[in-house]
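Peer 1: Coordinates in my_file-v1.txt, compact mmCIF, C-alpha atoms, are listed below.
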```
# COMPACT_ATOMS: atom_id res chain seq x y z
CA MET A 5 -33.16 -14.83 14.63
CA GLN A 6 -29.90 -13.25 15.76
CA THR A 7 -27.56 -12.15 12.98
CA VAL A 8 -24.05 -13.60 13.12
CA THR A 9 -21.46 -10.88 12.58
CA HIS A 10 -18.32 -11.20 10.51
CA ARG A 11 -16.33 -10.69 13.70
CA GLN A 12 -18.02 -13.72 15.25
CA LEU A 13 -17.42 -15.76 12.12
CA PHE A 14 -13.78 -14.68 12.11
CA PHE A 15 -13.19 -16.06 15.60
CA GLN A 16 -15.33 -19.16 15.01
CA HIS A 17 -14.02 -20.32 11.65
CA ILE A 18 -10.75 -18.60 10.72
CA ALA A 19 -7.81 -20.56 12.13
CA GLN A 20 -6.02 -18.31 14.61
CA THR A 21 -2.26 -18.12 15.05
CA SER A 22 -2.29 -16.06 18.24
CA ASP A 23 -4.67 -15.23 21.07
CA PHE A 24 -4.56 -11.53 20.20
CA PRO A 25 -5.17 -10.87 16.47
CA LEU A 26 -5.54 -7.23 15.51
CA GLY A 27 -9.16 -7.85 14.58
CA LEU A 28 -9.55 -4.77 12.40
CA GLU A 29 -12.55 -5.20 10.10
CA ILE A 30 -11.68 -3.57 6.79
CA GLU A 31 -14.26 -2.75 4.13
CA ARG A 32 -11.91 -1.37 1.49
CA ALA A 33 -8.39 -0.11 0.85
CA GLU A 34 -6.96 2.63 -1.34
CA GLY A 35 -3.42 3.95 -1.69
CA ILE A 36 -1.79 3.92 1.75
CA TYR A 37 -5.11 3.69 3.61
CA LEU A 38 -7.35 0.94 4.96
CA PHE A 39 -10.94 1.87 5.85
CA ARG A 40 -12.81 0.28 8.74
CA GLN A 41 -16.12 -1.44 8.20
CA GLY A 42 -19.07 0.56 9.45
CA ASP A 43 -17.72 4.00 10.29
CA HIS A 44 -15.19 4.13 7.40
CA LYS A 45 -12.40 5.22 9.74
CA PRO A 46 -9.12 5.51 7.76
CA TYR A 47 -5.95 3.77 8.91
CA MET A 48 -2.61 4.68 7.41
CA ASP A 49 -0.86 1.41 6.55
CA LEU A 50 2.79 1.92 7.52
CA ILE A 51 3.66 -1.76 7.06
CA SER A 52 2.22 -2.38 3.57
CA GLY A 53 0.54 -5.60 4.65
CA ILE A 54 4.04 -6.69 5.79
CA GLY A 55 6.04 -5.57 2.77
CA VAL A 56 3.44 -6.35 0.10
CA SER A 57 1.74 -3.17 -1.10
CA ASN A 58 4.80 -1.38 -2.45
CA VAL A 59 2.70 0.59 -4.97
CA GLY A 60 -0.13 1.03 -2.49
CA HIS A 61 -3.43 -0.76 -2.17
CA ARG A 62 -5.45 -1.22 -5.36
CA HIS A 63 -3.16 0.81 -7.60
CA PRO A 64 -5.19 1.72 -10.72
CA HIS A 65 -2.61 0.31 -13.14
CA VAL A 66 -2.53 -2.96 -11.22
CA LEU A 67 -6.33 -3.14 -11.20
CA GLU A 68 -6.42 -2.46 -14.92
CA ALA A 69 -3.91 -5.23 -15.61
CA ILE A 70 -5.90 -7.65 -13.46
CA GLN A 71 -9.16 -6.77 -15.23
CA ASN A 72 -7.59 -7.12 -18.67
CA GLN A 73 -6.28 -10.57 -17.79
CA LEU A 74 -9.62 -11.64 -16.26
CA ASP A 75 -11.17 -11.01 -19.66
CA LYS A 76 -8.70 -13.43 -21.31
CA TYR A 77 -8.06 -16.49 -19.14
CA LEU A 78 -7.33 -17.67 -15.60
CA HIS A 79 -5.54 -20.93 -14.80
CA LEU A 80 -4.87 -23.06 -17.85
CA MET A 81 -2.29 -25.71 -17.01
CA VAL A 82 0.35 -26.59 -14.46
CA TYR A 83 3.57 -24.59 -14.51
CA GLY A 84 5.86 -24.68 -17.52
CA GLU A 85 3.66 -26.42 -20.11
CA TYR A 86 1.76 -23.70 -21.95
CA ILE A 87 3.18 -20.44 -23.28
CA GLN A 88 1.28 -17.79 -21.34
CA THR A 89 1.84 -14.15 -22.24
CA PRO A 90 1.63 -12.76 -18.66
CA GLN A 91 4.37 -15.16 -17.56
CA THR A 92 6.68 -14.50 -20.48
CA GLN A 93 6.25 -10.73 -20.31
CA LEU A 94 6.91 -10.65 -16.57
CA ALA A 95 9.92 -12.96 -16.79
CA HIS A 96 11.43 -10.81 -19.54
CA ALA A 97 10.82 -7.60 -17.56
CA LEU A 98 12.39 -9.11 -14.44
CA VAL A 99 15.47 -10.25 -16.33
CA GLN A 100 15.89 -6.73 -17.72
CA THR A 101 16.35 -5.46 -14.14
CA LEU A 102 19.08 -8.03 -13.40
CA PRO A 103 22.72 -8.60 -14.28
CA ALA A 104 23.75 -11.18 -16.86
CA GLY A 105 23.47 -14.72 -15.54
CA LEU A 106 20.22 -14.21 -13.69
CA ASP A 107 18.10 -14.97 -16.71
CA ASN A 108 15.80 -17.88 -15.80
CA VAL A 109 12.69 -17.34 -13.68
CA TYR A 110 10.66 -19.98 -11.85
CA PHE A 111 7.38 -18.55 -10.60
CA THR A 112 5.82 -19.66 -7.33
CA ASN A 113 2.79 -18.69 -5.26
CA SER A 114 4.69 -17.19 -2.33
CA GLY A 115 8.01 -16.38 -0.75
CA THR A 116 8.37 -19.57 1.25
CA GLU A 117 7.74 -21.60 -1.91
CA ALA A 118 10.48 -19.64 -3.64
CA VAL A 119 12.80 -20.61 -0.77
CA GLU A 120 11.79 -24.26 -1.03
CA GLY A 121 12.42 -24.29 -4.77
CA ALA A 122 15.80 -22.64 -4.35
CA MET A 123 16.81 -25.19 -1.72
CA LYS A 124 15.94 -28.07 -4.04
CA LEU A 125 17.77 -26.36 -6.88
CA ALA A 126 20.94 -25.88 -4.81
CA LYS A 127 20.94 -29.48 -3.60
CA ARG A 128 20.37 -30.84 -7.09
CA TYR A 129 22.97 -28.60 -8.74
CA THR A 130 25.77 -29.05 -6.19
CA GLY A 131 25.04 -32.59 -5.03
CA ARG A 132 25.49 -31.33 -1.46
CA THR A 133 23.11 -31.16 1.49
CA GLU A 134 24.38 -28.49 3.90
CA PHE A 135 22.72 -25.08 4.04
CA ILE A 136 23.96 -22.06 5.92
CA SER A 137 21.63 -19.27 7.00
CA CYS A 138 21.86 -16.47 9.54
CA LEU A 139 20.91 -16.30 13.17
CA ASN A 140 17.66 -14.36 13.64
CA ALA A 141 16.78 -14.87 9.98
CA TYR A 142 13.30 -15.71 8.76
CA HIS A 143 12.78 -17.37 5.37
CA GLY A 144 9.25 -18.76 5.68
CA SER A 145 7.10 -21.25 7.56
CA THR A 146 7.00 -24.37 5.40
CA GLN A 147 9.24 -27.08 6.75
CA GLY A 148 12.28 -26.55 4.54
CA SER A 149 12.13 -22.78 4.99
CA LEU A 150 11.49 -23.20 8.71
CA SER A 151 14.58 -25.39 8.95
CA LEU A 152 16.62 -22.39 7.83
CA SER A 153 15.17 -20.14 10.51
CA GLY A 154 17.74 -18.67 12.83
CA ASP A 155 15.47 -18.67 15.87
CA GLU A 156 14.96 -21.91 17.78
CA ASN A 157 11.75 -20.72 19.43
CA PHE A 158 9.92 -20.95 16.10
CA LYS A 159 11.33 -24.40 15.31
CA GLN A 160 11.51 -26.36 18.53
CA ASN A 161 7.99 -27.83 18.49
CA TYR A 162 8.16 -28.88 14.82
CA ARG A 163 11.27 -31.02 14.85
CA PRO A 164 12.54 -33.14 13.24
CA LEU A 165 13.22 -30.67 10.48
CA LEU A 166 15.84 -30.80 7.72
CA PRO A 167 19.30 -31.86 8.88
CA ASP A 168 22.56 -30.20 7.84
CA ILE A 169 21.53 -26.64 8.64
CA ARG A 170 24.25 -24.37 10.04
CA HIS A 171 24.07 -20.74 11.11
CA ILE A 172 26.30 -17.71 10.91
CA ARG A 173 25.91 -14.14 12.16
CA HIS A 174 24.72 -11.61 9.61
CA GLY A 175 27.50 -9.21 8.69
CA LYS A 176 30.25 -10.92 10.70
CA LEU A 177 33.32 -11.63 8.56
CA ASP A 178 34.76 -14.10 11.07
CA ASP A 179 31.88 -16.52 10.46
CA ILE A 180 32.43 -16.86 6.72
CA GLU A 181 35.03 -19.59 7.23
CA ARG A 182 32.18 -21.89 8.31
CA ILE A 183 31.21 -22.12 4.64
CA THR A 184 33.00 -25.18 3.26
CA SER A 185 33.06 -27.67 0.41
CA ARG A 186 30.14 -29.43 2.15
CA THR A 187 27.92 -26.40 1.72
CA ALA A 188 25.27 -26.51 -0.99
CA ALA A 189 24.26 -22.90 -0.50
CA VAL A 190 24.32 -19.90 1.77
CA ILE A 191 20.96 -18.13 1.99
CA ILE A 192 21.03 -14.60 3.33
CA GLU A 193 18.95 -11.43 3.36
CA VAL A 194 20.77 -8.40 2.00
CA VAL A 195 18.95 -6.46 4.72
CA ALA A 196 18.09 -8.68 7.67
CA GLY A 197 14.37 -8.01 8.08
CA GLU A 198 12.89 -9.89 11.01
CA ALA A 199 16.12 -9.38 12.96
CA GLY A 200 15.09 -5.72 13.11
CA VAL A 201 16.46 -4.30 9.84
CA ARG A 202 20.19 -4.97 10.16
CA LEU A 203 22.68 -3.92 7.50
CA ALA A 204 26.05 -5.30 6.46
CA ASP A 205 28.66 -3.50 4.39
CA VAL A 206 29.87 -4.06 0.85
CA ALA A 207 33.10 -5.70 2.01
CA TYR A 208 31.16 -8.34 3.91
CA PHE A 209 29.01 -9.32 0.94
CA GLN A 210 31.96 -9.36 -1.44
CA ALA A 211 33.88 -11.62 0.95
CA LEU A 212 30.82 -13.84 1.24
CA ARG A 213 30.58 -14.02 -2.55
CA GLN A 214 34.26 -14.93 -2.87
CA ARG A 215 34.06 -17.62 -0.18
CA CYS A 216 31.07 -19.27 -1.86
CA THR A 217 32.88 -19.20 -5.21
CA ASP A 218 36.05 -20.65 -3.69
CA VAL A 219 34.29 -23.64 -2.09
CA GLY A 220 31.72 -24.22 -4.84
CA ALA A 221 28.68 -23.22 -2.78
CA LEU A 222 25.81 -21.27 -4.28
CA LEU A 223 24.93 -17.84 -2.88
CA ILE A 224 21.19 -17.22 -2.48
CA PHE A 225 19.91 -13.71 -1.78
CA ASP A 226 16.51 -13.62 -0.12
CA GLU A 227 14.94 -10.38 -1.37
CA ILE A 228 11.40 -11.37 -0.47
CA GLN A 229 11.06 -8.24 1.67
CA THR A 230 13.60 -5.98 -0.01
CA GLY A 231 12.91 -6.53 -3.71
CA PHE A 232 10.86 -4.21 -5.92
CA GLY A 233 12.24 -0.94 -4.65
CA ARG A 234 11.86 -1.17 -0.89
CA THR A 235 15.42 -0.14 0.04
CA GLY A 236 16.16 2.59 -2.51
CA THR A 237 17.30 0.48 -5.45
CA PHE A 238 15.10 -1.93 -7.37
CA TRP A 239 17.00 -4.83 -5.80
CA ALA A 240 18.82 -4.39 -2.50
CA PHE A 241 21.85 -6.32 -3.76
CA GLU A 242 22.59 -3.50 -6.22
CA ALA A 243 23.81 -1.44 -3.27
CA VAL A 244 26.34 -4.08 -2.14
CA SER A 245 27.85 -4.71 -5.59
CA THR A 246 27.47 -8.47 -5.20
CA ILE A 247 25.64 -10.84 -7.53
CA PRO A 248 23.99 -14.00 -6.16
CA ASP A 249 23.63 -17.35 -7.93
CA ILE A 250 19.95 -17.48 -7.00
CA LEU A 251 17.65 -14.56 -6.22
CA LEU A 252 14.35 -14.84 -4.33
CA CYS A 253 11.45 -12.41 -4.49
CA ALA A 254 7.76 -12.27 -3.53
CA LYS A 255 5.77 -9.90 -1.27
CA GLY A 256 6.11 -6.52 -3.01
CA MET A 257 6.26 -7.98 -6.52
CA GLY A 258 2.54 -8.73 -6.86
CA GLY A 259 0.91 -5.39 -6.19
CA GLY A 260 -1.31 -7.19 -3.66
CA MET A 261 -1.65 -10.48 -5.58
CA PRO A 262 0.06 -13.69 -4.42
CA ILE A 263 3.24 -14.45 -6.35
CA GLY A 264 6.89 -15.28 -5.78
CA ALA A 265 9.88 -16.40 -7.82
CA PHE A 266 13.36 -17.83 -7.64
CA ILE A 267 15.69 -16.66 -10.37
CA SER A 268 18.99 -18.13 -11.52
CA SER A 269 20.98 -18.92 -14.65
CA ALA A 270 19.76 -21.20 -17.40
CA ALA A 271 22.63 -23.56 -16.64
CA ILE A 272 21.74 -23.94 -12.97
CA MET A 273 17.99 -24.09 -13.56
CA SER A 274 18.40 -26.78 -16.23
CA VAL A 275 19.03 -29.47 -13.62
CA PHE A 276 15.26 -29.64 -13.03
CA LYS A 277 14.82 -31.14 -16.51
CA ASN A 278 16.20 -34.58 -15.78
CA ASN A 279 16.98 -37.17 -13.12
CA PRO A 280 14.12 -36.80 -12.42
CA ILE A 281 12.18 -35.07 -15.16
CA LEU A 282 9.89 -32.37 -13.73
CA GLY A 283 12.32 -31.80 -10.90
CA HIS A 284 10.15 -29.09 -9.40
CA ILE A 285 6.42 -28.77 -9.95
CA THR A 286 3.70 -26.27 -9.05
CA THR A 287 0.08 -26.06 -10.13
CA PHE A 288 -0.67 -22.40 -9.55
CA GLY A 289 2.83 -20.86 -9.63
CA GLY A 290 2.88 -18.09 -12.20
CA HIS A 291 -0.87 -17.65 -12.18
CA PRO A 292 -1.65 -15.37 -15.14
CA VAL A 293 -3.59 -12.83 -13.10
CA SER A 294 -0.81 -12.56 -10.52
CA CYS A 295 1.79 -12.24 -13.29
CA ALA A 296 -0.21 -9.47 -14.97
CA ALA A 297 -0.47 -7.63 -11.64
CA SER A 298 3.26 -8.08 -11.02
CA LEU A 299 4.23 -6.70 -14.42
CA ALA A 300 2.06 -3.64 -13.80
CA THR A 301 3.67 -3.22 -10.36
CA LEU A 302 7.15 -3.39 -11.85
CA GLN A 303 6.22 -0.83 -14.50
CA VAL A 304 4.71 1.57 -11.96
CA ILE A 305 7.83 1.43 -9.78
CA GLN A 306 10.13 2.03 -12.73
CA GLU A 307 8.06 4.68 -14.52
CA GLN A 308 7.37 6.68 -11.36
CA LYS A 309 10.91 6.03 -10.04
CA LEU A 310 9.46 5.02 -6.68
CA HIS A 311 12.61 3.09 -5.75
CA GLU A 312 14.71 6.21 -6.33
CA GLN A 313 12.52 8.18 -3.91
CA ALA A 314 12.63 5.61 -1.11
CA GLU A 315 15.89 6.74 0.49
CA ALA A 316 14.85 10.39 0.82
CA LYS A 317 11.48 9.36 2.24
CA GLY A 318 13.21 7.07 4.71
CA GLN A 319 15.51 9.89 5.75
CA LEU A 320 12.48 12.07 6.47
CA PHE A 321 11.13 9.42 8.85
CA ARG A 322 14.53 9.41 10.57
CA GLN A 323 14.58 13.18 10.91
CA LEU A 324 11.07 13.39 12.34
CA LEU A 325 11.13 10.43 14.71
CA LYS A 326 13.10 12.08 17.50
CA HIS A 327 12.08 11.36 21.10
CA PRO A 328 13.88 10.35 24.31
CA ALA A 329 12.02 7.01 24.22
CA ILE A 330 13.46 6.18 20.78
CA ARG A 331 16.92 4.63 21.06
CA GLU A 332 17.68 4.65 17.33
CA VAL A 333 16.13 4.40 13.88
CA ARG A 334 17.82 1.83 11.63
CA GLY A 335 17.18 1.02 8.04
CA LYS A 336 17.59 1.45 4.35
CA GLY A 337 15.12 3.30 2.16
CA LEU A 338 11.57 2.66 3.34
CA MET A 339 12.51 -0.38 5.43
CA LEU A 340 12.96 0.98 8.94
CA ALA A 341 13.17 -0.18 12.54
CA VAL A 342 12.47 2.27 15.37
CA GLU A 343 14.05 0.86 18.51
CA PHE A 344 12.64 1.29 22.03
CA ASP A 345 13.92 -0.01 25.37
CA SER A 346 11.68 -3.07 25.41
CA PHE A 347 8.58 -4.73 24.02
CA GLU A 348 6.75 -3.58 27.13
CA VAL A 349 7.48 0.02 26.14
CA LEU A 350 6.82 -0.50 22.43
CA LYS A 351 3.57 -2.48 22.46
CA PRO A 352 1.40 0.25 24.05
CA VAL A 353 2.82 2.75 21.54
CA ILE A 354 1.80 0.50 18.65
CA ASP A 355 -1.67 0.02 20.15
CA ARG A 356 -2.20 3.75 20.71
CA ALA A 357 -0.97 4.56 17.20
CA ILE A 358 -3.49 2.11 15.72
CA ASP A 359 -6.25 3.73 17.79
CA LYS A 360 -5.15 7.05 16.32
CA GLY A 361 -5.24 5.66 12.78
CA VAL A 362 -1.63 4.60 12.04
CA ILE A 363 -0.75 0.90 11.71
CA THR A 364 2.74 -0.24 12.64
CA ASP A 365 4.09 -3.53 14.00
CA TRP A 366 7.15 -5.16 15.55
CA PHE A 367 9.57 -7.81 14.24
CA LEU A 368 9.58 -11.55 14.83
CA PHE A 369 13.08 -11.58 16.29
CA CYS A 370 13.33 -8.00 17.51
CA ASN A 371 10.25 -7.19 19.54
CA ASN A 372 11.58 -3.92 20.96
CA SER A 373 11.61 -2.28 17.50
CA MET A 374 8.72 -0.79 15.54
CA ARG A 375 8.40 -1.85 11.91
CA ILE A 376 7.92 0.98 9.42
CA ALA A 377 7.66 -0.06 5.77
CA PRO A 378 4.93 1.99 4.11
CA PRO A 379 3.91 1.85 0.46
CA LEU A 380 6.55 3.52 -1.69
CA ILE A 381 3.92 5.99 -2.90
CA ILE A 382 3.67 7.65 0.53
CA THR A 383 4.03 11.43 0.29
CA GLU A 384 6.09 13.82 2.42
CA GLU A 385 2.88 15.23 3.90
CA GLN A 386 1.68 11.73 4.85
CA ILE A 387 5.06 10.92 6.41
CA ARG A 388 4.84 14.03 8.56
CA GLU A 389 1.30 13.14 9.59
CA ALA A 390 2.29 9.55 10.44
CA CYS A 391 5.30 10.63 12.52
CA ALA A 392 3.19 13.14 14.43
CA VAL A 393 0.77 10.34 15.36
CA ILE A 394 3.61 8.03 16.43
CA LEU A 395 5.18 10.72 18.60
CA ASP A 396 1.81 11.48 20.13
CA ALA A 397 1.33 7.75 20.82
CA ILE A 398 4.69 7.68 22.62
CA LYS A 399 3.47 10.42 24.95
CA GLY A 400 0.54 8.24 26.00
```
Could you rewrite the structure in this file as structure tokens?
Peer 2:
Amino acid sequence: MQTVTHRQLFFQHIAQTSDFPLGLEIERAEGIYLFRQGDHKPYMDLISGIGVSNVGHRHPHVLEAIQNQLDKYLHLMVYGEYIQTPQTQLAHALVQTLPAGLDNVYFTNSGTEAVEGAMKLAKRYTGRTEFISCLNAYHGSTQGSLSLSGDENFKQNYRPLLPDIRHIRHGKLDDIERITSRTAAVIIEVVAGEAGVRLADVAYFQALRQRCTDVGALLIFDEIQTGFGRTGTFWAFEAVSTIPDILLCAKGMGGGMPIGAFISSAAIMSVFKNNPILGHITTFGGHPVSCAASLATLQVIQEQKLHEQAEAKGQLFRQLLKHPAIREVRGKGLMLAVEFDSFEVLKPVIDRAIDKGVITDWFLFCNNSMRIAPPLIITEEQIREACAVILDAIKG
């Protein structure tokens, strides 16, 4: 009887979202490396599972926290009913990293669920329906989050989506006047990720903050990719001296476990308590094992000062990635975009780099730029090794 391989099962039974999945078969992961099934070939993960493994794969402190919680309890009750130590400890630790006013945490399973919760919160608190997001922004794939997307290609075959969605250009002061007294909230990435790592200056964000305050709209910062040290500060908004009304996080906060959150003030969050009661509900949000892993992740980043090292490590990538085929290297901390002339030039480079043991990727709305966002624990020696492989892959 012929044995069915895992590769065959993957293509037979795992729902596919493209005709060309990477198809790497991984047997284990450790630090910044993934190891291939069979021959144990190591791959350096320069994208952190798309912004997730900020402290590396299977960090020992994260594993210890998971094991300790496994010995106590798993799911007990739907969100917000029982007092669960992993949730309360994590919420307290998160609030300690934030300015006054961002003191209430609602845990979710993922980033897109954090976006959905924040949208409901903004509508309920303001009594308004209009949302403003940025062109070329990505906030998730559920229908509310997808409605915010700034790229029509991803939305066109799923309409009708939510009405009352408007778009502005990230970093363009002239567009701020489109925010009016009809606007429930503006949702924006401090660093525009899927647009290819685009930055805006402090003046822009302060003007955005003032406009939202003037018209009574809430300001939502999507830090699903940037939070937990990715850009050189624990939260990216620290660098733009602007405080949001609602903060979103996920991806890097779980140390490899699924978790997200939207964070606001007690006053804003209190609207979920009535009219109707249980205004937002989740069964698995704030799962105790994920919360324990997240707290350990937060502690590792703070104790090892990984966020403080990110900018220097990012600068080393910039210094080393010099080649006539590279048009520019953009970014902040360890969130970088390496721009080439076109996708047709970039894609073979990515493929050759993977063959040589370095995993990179491109961006949803910027397919001529290579994504580099390694675990924050990456060393200078590993950065040099990775850049050498990328430059060799450019040569062919």
Peer 1: Identify which of the residues A:His143, A:His96, A:Arg215, A:Arg388 lies closest to Glu120 of chain A, counting all atoms listed in the file when measuring atom-to-atom distances.
Peer 2: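 That would be A:His143, the residue with the smallest distance to Glu120 of chain A.
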Peer 1: Given all atoms listed in the file as the basis, pick out the residue of A:Leu340, A:Leu98, A:Val353, A:Met81 nearest to Trp239 of chain A.
Peer 2: A:Leu98
Peer 1: Find the residue from A:Met48, A:Val342, A:Ala300, A:Ala211 that sits nearest to Glu389 of chain A; use only C-alpha atoms when measuring.
Peer 2: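 Nearest candidate to Glu389 of chain A out of A:Met48, A:Val342, A:Ala300, A:Ala211: A:Met48.
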Peer 1: As an exercise, work out the distance from atom CA of Leu252 of chain A to atom CA of Asp49 of chain A in Å and give it to one decimal place.
Peer 2: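 Atom CA of Asp49 of chain A lies at a distance of 24.8 Å from atom CA of Leu252 of chain A.
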Peer 1: How many Å separate atom CA of Asn372 of chain A from atom CA of Lys159 of chain A?
Peer 2: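 Separating atom CA of Asn372 of chain A from atom CA of Lys159 of chain A is a distance of 21.2 Å.
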Peer 1: Considering all atoms listed in the file, state which residue in the set A:Val82, A:Ile87, A:Ile18, A:Ile54 is at the smallest distance from Ile376 of chain A.
Peer 2: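 Among the listed residues, A:Ile54 lies closest to Ile376 of chain A.
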Peer 1: Here is a test: counting all atoms listed in the file, which residue of A:Leu150, A:Ala297, A:Met339, A:Val99 is nearest to Leu251 of chain A?
Peer 2: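 So, comparing all the options, the nearest one is A:Val99.
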Peer 1: Go through A:Thr21, A:Leu26, A:Tyr37, A:Ala188 one by one, measure the shortest atom-to-atom distance of each to Pro378 of chain A using only C-alpha atoms, and give the residue with the smallest value.
Peer 2: A:Tyr37
Peer 1: What would the list of residues within 12 Å of (-1.9, 9.6, 23.4) (file frame) look like as an MDAnalysis selection string, if all atoms listed in the file are what count?
Peer 2: chainID A and resid 352:361 392:400
Peer 1: Just give me the gap between atom CA of Gly42 of chain A and atom CA of Gly27 of chain A in Å, one decimal is fine.
Peer 2: 14.0 Å
Peer 1: Box time for segment 170-173 of chain A: axis-aligned, enclosing all its listed atoms, 3 Å extra on each side; report centre and edge lengths in Å to one decimal, as AutoDock Vina command-line options.
Peer 2:
```
--center_x 25.2 --center_y -19.3 --center_z 11.1 --size_x 8.2 --size_y 16.2 --size_z 8.1
```
Peer 1: Hey, what's within 8 Å of Ile267 of chain A if we count all atoms listed in the file and toss same-chain stuff fewer than 3 positions away? As a list of chain:residue names, please?
Peer 2: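 Contacts, in chain order: A:Leu106, A:Asp107, A:Asn108, A:Val109, A:Tyr110, A:Ile250, A:Leu251, A:Leu252.
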Peer 1: Counting all atoms listed in the file, which residues sit no farther than 10 Å from the position (31.2, -20.0, -4.1) in the file's frame? I'd like them as a PyMOL selection string.
Peer 2: chain A and resi 183-185+187-190+212-223+248-249
Peer 1: Write out as a PyMOL selection string the residues lying within 8 Å of segment 201-206 of chain A, counting all atoms listed in the file and excluding same-chain residues fewer than 4 positions away.
Peer 2: chain A and resi 174-175+194-197+210+243-246+334-335+339-341
